[in-house]
Amino acid sequence: MCVAADLVPYLPAHPSIPRGERTASGSGAGQPIGAVSAAPLGNASVLPISWMYVRMMGAQGLKAATETAILSANYIAARLSDHYDIHFSGNVEDVKGGGVAHECILDLRPLKDSSGISAEDVAKRLIDYGFHAPTLSFPVAGTLMVEPTESEPLVELDRFCDAMVAIRDEIRKVEQGAWPREDNPLRAAPHTAQTLMKAEWPHPYTREEAAYPLKSLRRQKYWSPVGRVDNVYGDRNLFCSCVPLSAYED
């Protein structure tokens, strides 16, 4: 990575490679910033991974993997283009979804305006459907970036698309007023088994709608161990869950 000149004093140093006069602001002249990794220029062991991938795949394998990744992303764009806006599409004529590269970016910002449902709400609801959410709000805020790569089979792509179509139908119920903006399966997701088993159920949607929005989930269901967490609070209030040092005295 490269940095602007005013950030140079903040670059890390390393005992084995002098970094000149780089100093931390306020640390005094001649006091370089310490190392941030064992290797002087980063984690060197990462490099053999990509090198071996290229060597083992070979030219033919790399081409096939690339073609599959692009095809998979365009398949998702084609299936979901009737339900979501596809961001950064090529607007290719006669290609459903407009044509994308290896990433399919679903733009959820219009749905936030119409329903109050955010990209984060969709990400949390995907847990109820058995998915870890795709990349959230990167490279564009309020979007989901789906990168199926070459490793996902067609059955898994269809399972994901079915979930996203069902989630769009849930958002539509909020848009139409069937569910309130502040209390619906997306805003309360993910739903834990413990929550669903409580005698009191305060939501305007049913337990079945919360846990089994698709019939296929009755055969294979992932149960989240925790409910909704406050991501922003967690990012700003870090704490260590380790046992105290006193526990190791004996």
# chains A, B, ... in the order shown; residues from 1 in each chain; ligands from 1
$ select_by_dssp --residues "region 111-250 of chain A" --states "strand (DSSP E)" --output "list in words"
Thr135, Leu136, Thr143, Leu144, Met145 and Val146 of chain A
$ write_last_selection --atoms "C-alpha atoms" --output "PDB file, in the first residue's frame"
ATOM      1  CA  THR A 135     -20.205  -8.497   1.914  1.00  0.00           C
ATOM      2  CA  LEU A 136     -22.260  -5.747   3.557  1.00  0.00           C
ATOM      3  CA  THR A 143     -25.635  -2.812  -0.726  1.00  0.00           C
ATOM      4  CA  LEU A 144     -24.844  -6.516  -0.575  1.00  0.00           C
ATOM      5  CA  MET A 145     -21.954  -7.695  -2.739  1.00  0.00           C
ATOM      6  CA  VAL A 146     -22.393 -11.348  -3.715  1.00  0.00           C
TER       7      VAL A 146
END
$ closest_atom_pairs --of "region 120-237 of chain A" --to "region 103-109 of chain A" --cutoff "12 Å" --atoms "only C-alpha atoms" --output "Markdown table"
| residue | atom | partner | partner_atom | distance |
| --- | --- | --- | --- | --- |
| A:Glu120 | CA | A:Leu108 | CA | 9.7 |
| A:Asp121 | CA | A:Leu108 | CA | 10.3 |
| A:Val122 | CA | A:Leu108 | CA | 8.9 |
| A:Ala123 | CA | A:Leu108 | CA | 10.9 |
| A:Pro134 | CA | A:Ile105 | CA | 9.6 |
| A:Thr135 | CA | A:Ile105 | CA | 9.2 |
| A:Leu136 | CA | A:Ile105 | CA | 9.8 |
| A:Ser137 | CA | A:Asp107 | CA | 9.4 |
| A:Phe138 | CA | A:Ile105 | CA | 9.1 |
| A:Pro139 | CA | A:Ile105 | CA | 9.0 |
| A:Val140 | CA | A:Asp107 | CA | 8.5 |
| A:Ala141 | CA | A:Arg109 | CA | 8.3 |
| A:Gly142 | CA | A:Arg109 | CA | 5.4 |
| A:Thr143 | CA | A:Asp107 | CA | 4.7 |
| A:Leu144 | CA | A:Leu106 | CA | 5.2 |
| A:Met145 | CA | A:Ile105 | CA | 4.3 |
| A:Val146 | CA | A:Cys104 | CA | 5.1 |
| A:Glu147 | CA | A:Glu103 | CA | 4.8 |
| A:Pro148 | CA | A:Glu103 | CA | 7.6 |
| A:Thr149 | CA | A:Glu103 | CA | 8.4 |
| A:Glu150 | CA | A:Glu103 | CA | 11.6 |
| A:Cys161 | CA | A:Leu106 | CA | 11.7 |
| A:Met164 | CA | A:Leu106 | CA | 10.1 |
| A:Ile167 | CA | A:Leu108 | CA | 11.7 |
| A:Arg168 | CA | A:Leu108 | CA | 10.1 |
| A:Ile171 | CA | A:Leu108 | CA | 10.7 |
$ write_last_selection --atoms "N, CA, C and O atoms" --output "short mmCIF file (atom, residue, chain, number, x, y, z; two decimals), in the first residue's frame"
data_model
loop_
_atom_site.label_atom_id
_atom_site.label_comp_id
_atom_site.auth_asym_id
_atom_site.auth_seq_id
_atom_site.Cartn_x
_atom_site.Cartn_y
_atom_site.Cartn_z
N GLU A 120 -28.43 -4.06 6.46
CA GLU A 120 -28.07 -4.83 7.66
C GLU A 120 -29.23 -5.73 8.09
O GLU A 120 -29.02 -6.86 8.51
N ASP A 121 -30.46 -5.22 7.97
CA ASP A 121 -31.62 -6.05 8.32
C ASP A 121 -31.69 -7.29 7.42
O ASP A 121 -31.99 -8.39 7.89
N VAL A 122 -31.42 -7.09 6.14
CA VAL A 122 -31.43 -8.23 5.21
C VAL A 122 -30.32 -9.20 5.56
O VAL A 122 -30.51 -10.42 5.53
N ALA A 123 -29.15 -8.66 5.92
CA ALA A 123 -28.03 -9.52 6.31
C ALA A 123 -28.38 -10.37 7.52
O ALA A 123 -28.06 -11.56 7.58
N PRO A 134 -23.55 -12.00 2.52
CA PRO A 134 -22.46 -11.55 1.65
C PRO A 134 -21.86 -10.25 2.19
O PRO A 134 -22.30 -9.73 3.22
N THR A 135 -20.88 -9.72 1.49
CA THR A 135 -20.21 -8.50 1.91
C THR A 135 -21.21 -7.36 2.06
O THR A 135 -21.94 -7.04 1.12
N LEU A 136 -21.25 -6.76 3.24
CA LEU A 136 -22.26 -5.75 3.56
C LEU A 136 -21.68 -4.35 3.41
O LEU A 136 -20.64 -4.03 3.98
N SER A 137 -22.38 -3.51 2.63
CA SER A 137 -22.06 -2.09 2.48
C SER A 137 -20.63 -1.85 2.01
O SER A 137 -19.97 -0.90 2.44
N PHE A 138 -20.12 -2.69 1.15
CA PHE A 138 -18.83 -2.48 0.50
C PHE A 138 -18.87 -3.12 -0.88
O PHE A 138 -19.35 -4.25 -1.01
N PRO A 139 -18.43 -2.43 -1.90
CA PRO A 139 -17.80 -1.11 -1.89
C PRO A 139 -18.78 0.07 -1.86
O PRO A 139 -18.34 1.21 -1.86
N VAL A 140 -20.08 -0.22 -1.82
CA VAL A 140 -21.08 0.83 -1.80
C VAL A 140 -21.95 0.65 -0.56
O VAL A 140 -22.44 -0.44 -0.30
N ALA A 141 -22.12 1.72 0.20
CA ALA A 141 -22.97 1.65 1.40
C ALA A 141 -24.39 1.28 1.02
O ALA A 141 -24.92 1.72 -0.02
N GLY A 142 -25.04 0.46 1.85
CA GLY A 142 -26.43 0.09 1.60
C GLY A 142 -26.60 -0.99 0.54
O GLY A 142 -27.69 -1.14 -0.02
N THR A 143 -25.55 -1.76 0.28
CA THR A 143 -25.63 -2.81 -0.73
C THR A 143 -25.13 -4.13 -0.14
O THR A 143 -24.51 -4.18 0.92
N LEU A 144 -25.42 -5.21 -0.86
CA LEU A 144 -24.84 -6.52 -0.58
C LEU A 144 -24.06 -6.95 -1.81
O LEU A 144 -24.61 -7.00 -2.91
N MET A 145 -22.79 -7.26 -1.62
CA MET A 145 -21.95 -7.69 -2.74
C MET A 145 -21.82 -9.21 -2.68
O MET A 145 -21.20 -9.76 -1.76
N VAL A 146 -22.39 -9.89 -3.67
CA VAL A 146 -22.39 -11.35 -3.72
C VAL A 146 -21.28 -11.81 -4.64
O VAL A 146 -21.25 -11.46 -5.82
N GLU A 147 -20.37 -12.62 -4.11
CA GLU A 147 -19.27 -13.17 -4.90
C GLU A 147 -19.32 -14.70 -4.78
O GLU A 147 -18.69 -15.28 -3.90
N PRO A 148 -20.04 -15.37 -5.67
CA PRO A 148 -20.17 -16.83 -5.55
C PRO A 148 -18.89 -17.58 -5.87
O PRO A 148 -18.77 -18.75 -5.52
N THR A 149 -17.93 -16.94 -6.53
CA THR A 149 -16.67 -17.56 -6.97
C THR A 149 -16.96 -18.80 -7.80
O THR A 149 -18.07 -19.00 -8.30
N GLU A 150 -15.95 -19.66 -7.93
CA GLU A 150 -16.11 -20.87 -8.73
C GLU A 150 -16.49 -22.07 -7.89
O GLU A 150 -16.64 -23.18 -8.39
N CYS A 161 -30.68 -17.67 -3.95
CA CYS A 161 -31.62 -16.84 -4.70
C CYS A 161 -33.05 -17.01 -4.17
O CYS A 161 -33.80 -16.03 -4.08
N MET A 164 -33.32 -14.86 -1.12
CA MET A 164 -33.38 -13.43 -1.41
C MET A 164 -34.72 -13.03 -2.01
O MET A 164 -35.24 -11.94 -1.74
N ILE A 167 -37.11 -12.96 0.90
CA ILE A 167 -36.87 -11.76 1.70
C ILE A 167 -37.47 -10.54 1.02
O ILE A 167 -38.03 -9.65 1.68
N ARG A 168 -37.39 -10.48 -0.29
CA ARG A 168 -38.01 -9.36 -1.01
C ARG A 168 -39.53 -9.35 -0.81
O ARG A 168 -40.14 -8.29 -0.67
N ILE A 171 -40.15 -7.87 2.55
CA ILE A 171 -40.02 -6.40 2.50
C ILE A 171 -41.26 -5.80 1.88
O ILE A 171 -41.74 -4.73 2.31
#
$ residues_around --residues "region 196-211 of chain A" --least-positions-apart "4" --cutoff "7 Å" --atoms "only C-alpha atoms" --output "mmCIF file with N, CA and C atoms, in the first residue's frame"
data_model
loop_
_atom_site.group_PDB
_atom_site.id
_atom_site.type_symbol
_atom_site.label_atom_id
_atom_site.label_comp_id
_atom_site.auth_asym_id
_atom_site.auth_seq_id
_atom_site.Cartn_x
_atom_site.Cartn_y
_atom_site.Cartn_z
ATOM 1 N N ASP A 128 -31.483 -16.477 9.376
ATOM 2 C CA ASP A 128 -32.642 -17.342 9.569
ATOM 3 C C ASP A 128 -32.822 -18.303 8.403
ATOM 4 N N TRP A 179 -47.013 -5.572 7.747
ATOM 5 C CA TRP A 179 -46.151 -5.614 8.930
ATOM 6 C C TRP A 179 -45.648 -4.206 9.214
ATOM 7 N N ASP A 183 -41.416 -3.552 13.568
ATOM 8 C CA ASP A 183 -41.593 -4.894 14.136
ATOM 9 C C ASP A 183 -41.986 -5.851 13.029
ATOM 10 N N ASN A 184 -40.999 -6.476 12.438
ATOM 11 C CA ASN A 184 -41.207 -7.429 11.360
ATOM 12 C C ASN A 184 -40.055 -8.432 11.395
ATOM 13 N N PRO A 185 -40.146 -9.526 10.649
ATOM 14 C CA PRO A 185 -39.111 -10.563 10.738
ATOM 15 C C PRO A 185 -37.708 -10.076 10.404
ATOM 16 N N HIS A 191 -33.717 -15.027 14.559
ATOM 17 C CA HIS A 191 -34.573 -15.564 15.608
ATOM 18 C C HIS A 191 -33.948 -16.831 16.184
ATOM 19 N N THR A 192 -33.771 -16.858 17.484
ATOM 20 C CA THR A 192 -33.209 -18.031 18.141
ATOM 21 C C THR A 192 -34.322 -18.999 18.531
#
$ atom_distance --atom1 "CA of Phe160 (chain A)" --atom2 "CA of Leu80 (chain A)"
10.2 Å
$ residues_around --residues "Pro190 (chain A)" --least-positions-apart "5" --cutoff "6 Å" --atoms "only C-alpha atoms" --output "VMD selection string"
chain A and resid 124 to 125 127 to 128 227 to 228
$ residues_around --residues "region 113-117 of chain A" --least-positions-apart "2" --cutoff "6 Å" --atoms "only C-alpha atoms" --output "PyMOL selection string"
chain A and resi 110-111+174-175
$ write_last_selection --atoms "N, CA, C and O atoms" --output "PDB file, in the first residue's frame"
ATOM      1  N   PRO A 110     -32.938   1.726  -2.356  1.00  0.00           N
ATOM      2  CA  PRO A 110     -34.332   2.091  -2.644  1.00  0.00           C
ATOM      3  C   PRO A 110     -35.327   1.434  -1.692  1.00  0.00           C
ATOM      4  O   PRO A 110     -36.363   2.019  -1.362  1.00  0.00           O
ATOM      5  N   LEU A 111     -35.023   0.212  -1.240  1.00  0.00           N
ATOM      6  CA  LEU A 111     -35.916  -0.484  -0.316  1.00  0.00           C
ATOM      7  C   LEU A 111     -35.876   0.149   1.067  1.00  0.00           C
ATOM      8  O   LEU A 111     -36.874   0.113   1.793  1.00  0.00           O
ATOM      9  N   VAL A 174     -43.926  -5.205   4.337  1.00  0.00           N
ATOM     10  CA  VAL A 174     -43.686  -3.993   5.123  1.00  0.00           C
ATOM     11  C   VAL A 174     -44.082  -2.762   4.313  1.00  0.00           C
ATOM     12  O   VAL A 174     -44.706  -1.832   4.832  1.00  0.00           O
ATOM     13  N   GLU A 175     -43.728  -2.768   3.035  1.00  0.00           N
ATOM     14  CA  GLU A 175     -44.086  -1.640   2.164  1.00  0.00           C
ATOM     15  C   GLU A 175     -45.596  -1.458   2.086  1.00  0.00           C
ATOM     16  O   GLU A 175     -46.106  -0.328   2.050  1.00  0.00           O
TER      17      GLU A 175
END
